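Here's the structure we're looking at; comments come further down.
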Amino acid sequence: MSTNTPRHFLQFKDLSREEFDYLFERITWIKAKFKAYEPYHPMFDRTLVMIFEKASTRTRLSFEAGMQQLGGSAIYLNTRDSQLGRGEPVEDAAQVISRMCDLVMIRTFEQEIIERFAANSRVPVINGLTNEYHPCQILADIHTFIEHRGPIRGRTVAWIGDSNNMCNTWLQAAELLDFNVHVSTPPGYEVEAERAGLYGTGHFEQFADPIDACRGADLVTTDVWTSMGFEAENEERKKAFADWQVDGEMMAVAANDAVFMHCLPAHRGEEVTAEVIDGPHSVVWDEAENRLHAQKALMEYLLLGRLQG
Ligand code: CP
Ligand code: NVA
C-alpha cells in the first residue's frame with residue numbers, strides 16, 4: 001500500500017493539461033499492447049476496490065477487466081451487500097477500505113460523498129460517476145476524438161440535452177484543454193456554471209435551438225434525458241426534452257466529418273435517433289472500448305506515476 005499523499009481523480013480538472021497530454025499518449029501505448037496480446041503487468045499484487053451505489057455495465061467491466069489485465073485484482077462492493085447502505089459514515093468506510101487496497105473507484109450520488117471519502121483515504125480515489133461529474137468517460141471520449149480526428153484544441157463540441165454530469169465534465173475539459181462547447185438544453189435545464197466547477201474562461205456558449213448549437217461542430221454528443229437518481233422526473237423530462245433529440249438534421253449542419261458520441265446506455269428514439277447512433281458519424285463503440293484503455297492508463301498513472309515505454 002502507498003504511504004505517499006495520494007493523487008485523486010475526482011473531477012476532470014484534478015489533472016493538468018500537461019498530465020492529460022501524457023495520458024493520451026499512454027492510452028495509445030497501453031491500447032497497442034492490448035491489441036497485440038502482449039502481457040503488461042505493472043499492477044502485479046495491487047488491489048482495486050470498486051464501490052457502486054448506482055448501476056453500471058461499462059464502468060464496472062472496464063475497471064475490473066483493466067485491473068486484471070494490468071496484473072492486479074479488483075473487488076466489487078455495492079450499497080446493497082455492504083455496510084455502505086446501512087449508514088456507516090463515509091469517513092469510516094474510507095479509513096477501512098483504503099487500508100486494505102491500493103486504489104479505490106467510486107460511483108455514487110453527490111460529489112460531496114466522494115470528496116469526503118477521498119479526504120479520508122490513504123490511496124488514490126477515482127470518480128466513476130457522480131451526480132455532478134463523469135471524468136473517466138470524458139477522458140475516454142477525448143481520446144476517441146483524438147484517434148479519429150486529431151487534437152481537440154480549438155475544436156467545437158455540441159452538447160445537446162441535459163446539463164448533467166457528462167455536460168459539466170465536457171465544460172471543465174474545454175477550459176483545461178482549450179476547446180469550445182456549444183450547449184443546448186431545454187429551458188429550465190441550463191448549465192449552472194458553479195455546479196459545473198468552471199473558472200469562467202469563456203469556453204462555452206448556450207443556444208436556445210439545438211440546430212444552432214450543432215452548426216459547424218466537430219463532435220456532436222448527447223446523453224440520456226434522465227440520469228440515474230432522477231428517475232422520479234422521467235415523465236416530465238420526456239416532455240421537456242422532446243425537441244432535443246439528436247437526429248439527421250442536426251448532424252447535417254455539423255461539420256462534414258463530425259463524429260457522434262454517446263457515453264451509453266442510449267435510448268434510441270429519445271435523445272438520439274437510430275439513424276444517427278447506428279449511422280456513419282457514430283463512433284460509440286470505439287468510445288465505449290476506450291474506457292478500458294483510458295482507465296488502465298489512469299490507474300497506472302495515479303499509482304505508479306509517469307512511466308517510460
Ligand atoms: N457510460 C457508462 O459509464 O456506462 P455504465 O453506466 O454502464 O458504467
Ligand atoms: N448521465 C448518465 C450517465 C450514465 C453513464 C447518468 O448519470 O445516469
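Going through the C-alpha cells in order, the chains are called A, B, and so on, while each chain numbers its residues from 1 and the ligands are numbered from 1 in the order shown.
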
Return as a tab-separated table the residues of chain A lying at most 10 Å from ligand 2, together with the closest atom-to-atom pair for each and the distance in Å to one decimal, counting only C-alpha atoms and all ligand atoms, with rows in chain order and ascending residue number.
```
residue	atom	partner	partner_atom_place_in_ligand_line	distance
A:Lys54	CA	ligand 2	8 (O)	8.5
A:Ala55	CA	ligand 2	8 (O)	8.6
A:Ser56	CA	ligand 2	5 (C)	7.4
A:Thr57	CA	ligand 2	5 (C)	8.8
A:Arg58	CA	ligand 2	5 (C)	8.2
A:Thr59	CA	ligand 2	5 (C)	8.2
A:Arg107	CA	ligand 2	7 (O)	9.6
A:Thr108	CA	ligand 2	7 (O)	9.6
A:Phe109	CA	ligand 2	7 (O)	8.9
A:Gly128	CA	ligand 2	5 (C)	9.2
A:Leu129	CA	ligand 2	7 (O)	6.8
A:Thr130	CA	ligand 2	7 (O)	7.0
A:Asn131	CA	ligand 2	7 (O)	6.1
A:Glu132	CA	ligand 2	7 (O)	8.3
A:Tyr133	CA	ligand 2	7 (O)	8.3
A:His134	CA	ligand 2	3 (C)	7.5
A:Gln137	CA	ligand 2	5 (C)	8.1
A:Asp162	CA	ligand 2	1 (N)	8.3
A:Ser163	CA	ligand 2	1 (N)	9.0
A:Asn164	CA	ligand 2	1 (N)	5.9
A:Asn165	CA	ligand 2	1 (N)	5.7
A:Met166	CA	ligand 2	1 (N)	5.9
A:Cys167	CA	ligand 2	1 (N)	8.4
A:Thr222	CA	ligand 2	1 (N)	9.3
A:Asp223	CA	ligand 2	1 (N)	6.1
A:Val224	CA	ligand 2	1 (N)	6.0
A:Trp225	CA	ligand 2	1 (N)	7.9
A:Thr226	CA	ligand 2	8 (O)	6.8
A:Ser227	CA	ligand 2	8 (O)	3.4
A:Met228	CA	ligand 2	8 (O)	3.8
A:Gly229	CA	ligand 2	8 (O)	7.2
A:Phe230	CA	ligand 2	8 (O)	8.3
A:Glu231	CA	ligand 2	8 (O)	9.4
A:His262	CA	ligand 2	5 (C)	9.1
A:Cys263	CA	ligand 2	5 (C)	5.9
A:Leu264	CA	ligand 2	5 (C)	5.9
A:Pro265	CA	ligand 2	5 (C)	6.5
A:Ala266	CA	ligand 2	4 (C)	9.0
```

Next item on the list: Enumerate as JSON, numbers by chain all residues of range 111-173 of chain A assigned to strand (DSSP E) by DSSP on the backbone, naming them with the chain letters and numbers the document uses.
Entry: {"A": [125, 126, 127, 156, 157, 158, 159, 160]}

Write a file of the selected residues as a PDB file, in the first residue's frame, keeping N, CA and C atoms.
```
ATOM      1  N   VAL A 125      -8.273   7.879  -5.153  1.00  0.00           N
ATOM      2  CA  VAL A 125      -9.701   7.634  -5.369  1.00  0.00           C
ATOM      3  C   VAL A 125     -10.065   8.173  -6.756  1.00  0.00           C
ATOM      4  N   ILE A 126     -10.806   7.376  -7.505  1.00  0.00           N
ATOM      5  CA  ILE A 126     -11.225   7.749  -8.866  1.00  0.00           C
ATOM      6  C   ILE A 126     -12.741   7.869  -8.902  1.00  0.00           C
ATOM      7  N   ASN A 127     -13.212   8.943  -9.524  1.00  0.00           N
ATOM      8  CA  ASN A 127     -14.655   9.153  -9.680  1.00  0.00           C
ATOM      9  C   ASN A 127     -15.162   8.319 -10.855  1.00  0.00           C
ATOM     10  N   THR A 156     -14.810  22.303 -31.822  1.00  0.00           N
ATOM     11  CA  THR A 156     -16.104  22.614 -31.201  1.00  0.00           C
ATOM     12  C   THR A 156     -16.909  21.347 -30.959  1.00  0.00           C
ATOM     13  N   VAL A 157     -17.351  21.206 -29.718  1.00  0.00           N
ATOM     14  CA  VAL A 157     -18.201  20.085 -29.301  1.00  0.00           C
ATOM     15  C   VAL A 157     -19.613  20.639 -29.100  1.00  0.00           C
ATOM     16  N   ALA A 158     -20.620  19.990 -29.686  1.00  0.00           N
ATOM     17  CA  ALA A 158     -22.015  20.387 -29.432  1.00  0.00           C
ATOM     18  C   ALA A 158     -22.609  19.416 -28.426  1.00  0.00           C
ATOM     19  N   TRP A 159     -23.059  19.956 -27.304  1.00  0.00           N
ATOM     20  CA  TRP A 159     -23.713  19.134 -26.288  1.00  0.00           C
ATOM     21  C   TRP A 159     -25.216  19.415 -26.361  1.00  0.00           C
ATOM     22  N   ILE A 160     -26.007  18.374 -26.645  1.00  0.00           N
ATOM     23  CA  ILE A 160     -27.445  18.539 -26.819  1.00  0.00           C
ATOM     24  C   ILE A 160     -28.178  17.774 -25.726  1.00  0.00           C
TER      25      ILE A 160
END
```

Note to self: Write out as an NGL selection string the set of residues from range 112-277 of chain A that DSSP, computed on the backbone, places in helix (DSSP H, G or I).
What the structure shows: :A and (112-119 or 135-149 or 165-177 or 193-196 or 210-214 or 231-240 or 248-253 or 274-277)

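CA of Glu64 in chain A is positioned 23.2 Å from CA of Val283 in chain A.
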
Check: Looking at A:Ile146, A:Met43, A:Ala274, A:Met105, which one is nearest to ligand 1, with distances taken over only C-alpha atoms and all ligand atoms?
Finding: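 Looking at the shortest contact to ligand 1, the residue is A:Met105.
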
Next item on the list: Counting only C-alpha atoms, figure out which residue out of A:Gln69, A:Arg99, A:Leu302, A:Asn256 gets nearest to Lys35 in chain A.
Entry: A:Gln69

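Comparing the minimum interatomic distances between ligand 1 and each of A:Ile277, A:Cys136, A:Leu103, A:Ile75, counting only C-alpha atoms and all ligand atoms, we find that A:Cys136 sits nearest.
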
Margin query: So, with only C-alpha atoms as the atoms that count, which of A:Pro89, A:Asp178, A:Leu171, A:Gln308 lies closest to Val191 in chain A?
Written below: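 Ranked by minimum distance to Val191 in chain A, first place goes to A:Leu171.
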
Margin query: List as a ChimeraX atom specification the protein and nucleic acid residues near range 116-118 of chain A, meaning an atom at most 6 Å away when only C-alpha atoms are counted, but skip any in the same chain fewer than 2 places from it.
Written below: /A:90-91,94,113-114,120-121,125

If you keep C-alpha atoms, can you produce a file of those selected residues as a PDB file, in the first residue's frame?
```pdb
ATOM      1  CA  VAL A  90     -18.304   7.532   4.617  1.00  0.00           C
ATOM      2  CA  GLU A  91     -15.228   8.757   6.507  1.00  0.00           C
ATOM      3  CA  ALA A  94     -12.742   5.333   3.621  1.00  0.00           C
ATOM      4  CA  ILE A 113     -19.640  11.988  -0.856  1.00  0.00           C
ATOM      5  CA  ILE A 114     -16.617  11.117  -2.969  1.00  0.00           C
ATOM      6  CA  ASN A 120     -10.033  10.128   4.475  1.00  0.00           C
ATOM      7  CA  SER A 121      -8.398   7.746   2.026  1.00  0.00           C
ATOM      8  CA  VAL A 125      -9.701   7.634  -5.369  1.00  0.00           C
TER       9      VAL A 125
END
```

Item checked: Atomic separation - CA of His148 in chain A relative to CA of Glu205 in chain A, Å -> 24.5 Å

Note to self: I'd like to know which of A:Asp212, A:Glu233, A:Glu190, A:Asp141 is closest to ligand 1, using only C-alpha atoms and all ligand atoms.
What the structure shows: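 Checking each candidate against ligand 1, we get A:Asp141 as the closest.
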
Check: What gap, in Å, lies between CA of Val276 in chain A and CA of Met250 in chain A?
Finding: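 Separating CA of Val276 in chain A from CA of Met250 in chain A is a distance of 9.5 Å.
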
Item checked: Distance criterion (only C-alpha atoms and all ligand atoms): nearest to ligand 1 out of A:Glu88, A:Asp218, A:Asp102, A:Glu53 ->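 For ligand 1, the nearest of the candidates is A:Glu53.
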
Note to self: So that I can check the surroundings of Ala74 in chain A, please list as a list of chain:residue names every protein, DNA and RNA residue that reaches within 8 Å of it, counting only C-alpha atoms and ignoring chain neighbours fewer than 2 positions away.
What the structure shows: A:Thr47, A:Leu48, A:Val49, A:Met50, A:Phe63, A:Glu64, A:Met67, A:Gln68, A:Gly72, A:Tyr76

Export of the given selection (N, CA, C and O atoms) as an mmCIF file, in the first residue's frame:
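Generated output (again.cif):
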```cif
data_model
loop_
_atom_site.group_PDB
_atom_site.id
_atom_site.type_symbol
_atom_site.label_atom_id
_atom_site.label_comp_id
_atom_site.auth_asym_id
_atom_site.auth_seq_id
_atom_site.Cartn_x
_atom_site.Cartn_y
_atom_site.Cartn_z
ATOM 1 N N THR A 47 -4.428 -4.113 -5.580
ATOM 2 C CA THR A 47 -5.873 -4.362 -5.500
ATOM 3 C C THR A 47 -6.657 -3.073 -5.666
ATOM 4 O O THR A 47 -6.375 -2.064 -5.012
ATOM 5 N N LEU A 48 -7.641 -3.129 -6.538
ATOM 6 C CA LEU A 48 -8.594 -2.029 -6.740
ATOM 7 C C LEU A 48 -9.893 -2.397 -6.058
ATOM 8 O O LEU A 48 -10.398 -3.514 -6.244
ATOM 9 N N VAL A 49 -10.444 -1.478 -5.252
ATOM 10 C CA VAL A 49 -11.801 -1.684 -4.724
ATOM 11 C C VAL A 49 -12.740 -0.775 -5.507
ATOM 12 O O VAL A 49 -12.477 0.421 -5.669
ATOM 13 N N MET A 50 -13.820 -1.356 -6.020
ATOM 14 C CA MET A 50 -14.818 -0.599 -6.783
ATOM 15 C C MET A 50 -16.105 -0.535 -5.966
ATOM 16 O O MET A 50 -16.665 -1.577 -5.622
ATOM 17 N N PHE A 63 -13.099 -1.193 -15.488
ATOM 18 C CA PHE A 63 -12.179 -1.139 -14.342
ATOM 19 C C PHE A 63 -11.740 -2.542 -13.931
ATOM 20 O O PHE A 63 -10.569 -2.780 -13.647
ATOM 21 N N GLU A 64 -12.690 -3.461 -13.889
ATOM 22 C CA GLU A 64 -12.358 -4.810 -13.401
ATOM 23 C C GLU A 64 -11.456 -5.539 -14.399
ATOM 24 O O GLU A 64 -10.408 -6.083 -14.024
ATOM 25 N N MET A 67 -7.973 -3.794 -14.516
ATOM 26 C CA MET A 67 -7.080 -4.113 -13.395
ATOM 27 C C MET A 67 -6.514 -5.520 -13.549
ATOM 28 O O MET A 67 -5.319 -5.746 -13.311
ATOM 29 N N GLN A 68 -7.338 -6.449 -13.982
ATOM 30 C CA GLN A 68 -6.832 -7.823 -14.207
ATOM 31 C C GLN A 68 -5.791 -7.843 -15.303
ATOM 32 O O GLN A 68 -4.757 -8.499 -15.195
ATOM 33 N N GLY A 72 -3.258 -6.957 -11.645
ATOM 34 C CA GLY A 72 -3.805 -6.806 -10.297
ATOM 35 C C GLY A 72 -5.166 -7.472 -10.171
ATOM 36 O O GLY A 72 -5.592 -8.236 -11.037
ATOM 37 N N TYR A 76 -15.466 -5.897 -6.001
ATOM 38 C CA TYR A 76 -16.694 -5.128 -6.236
ATOM 39 C C TYR A 76 -17.519 -5.033 -4.954
ATOM 40 O O TYR A 76 -17.820 -6.056 -4.333
#
```

Item checked: Phe20 in chain A surroundings by only C-alpha atoms, 12 Å radius, close-in-sequence under 2 positions cut, as a PyMOL selection string -> chain A and resi 9+12-18+22-27+135-136+138-140+142-143+152+173+176-177+294+297-298+301+306
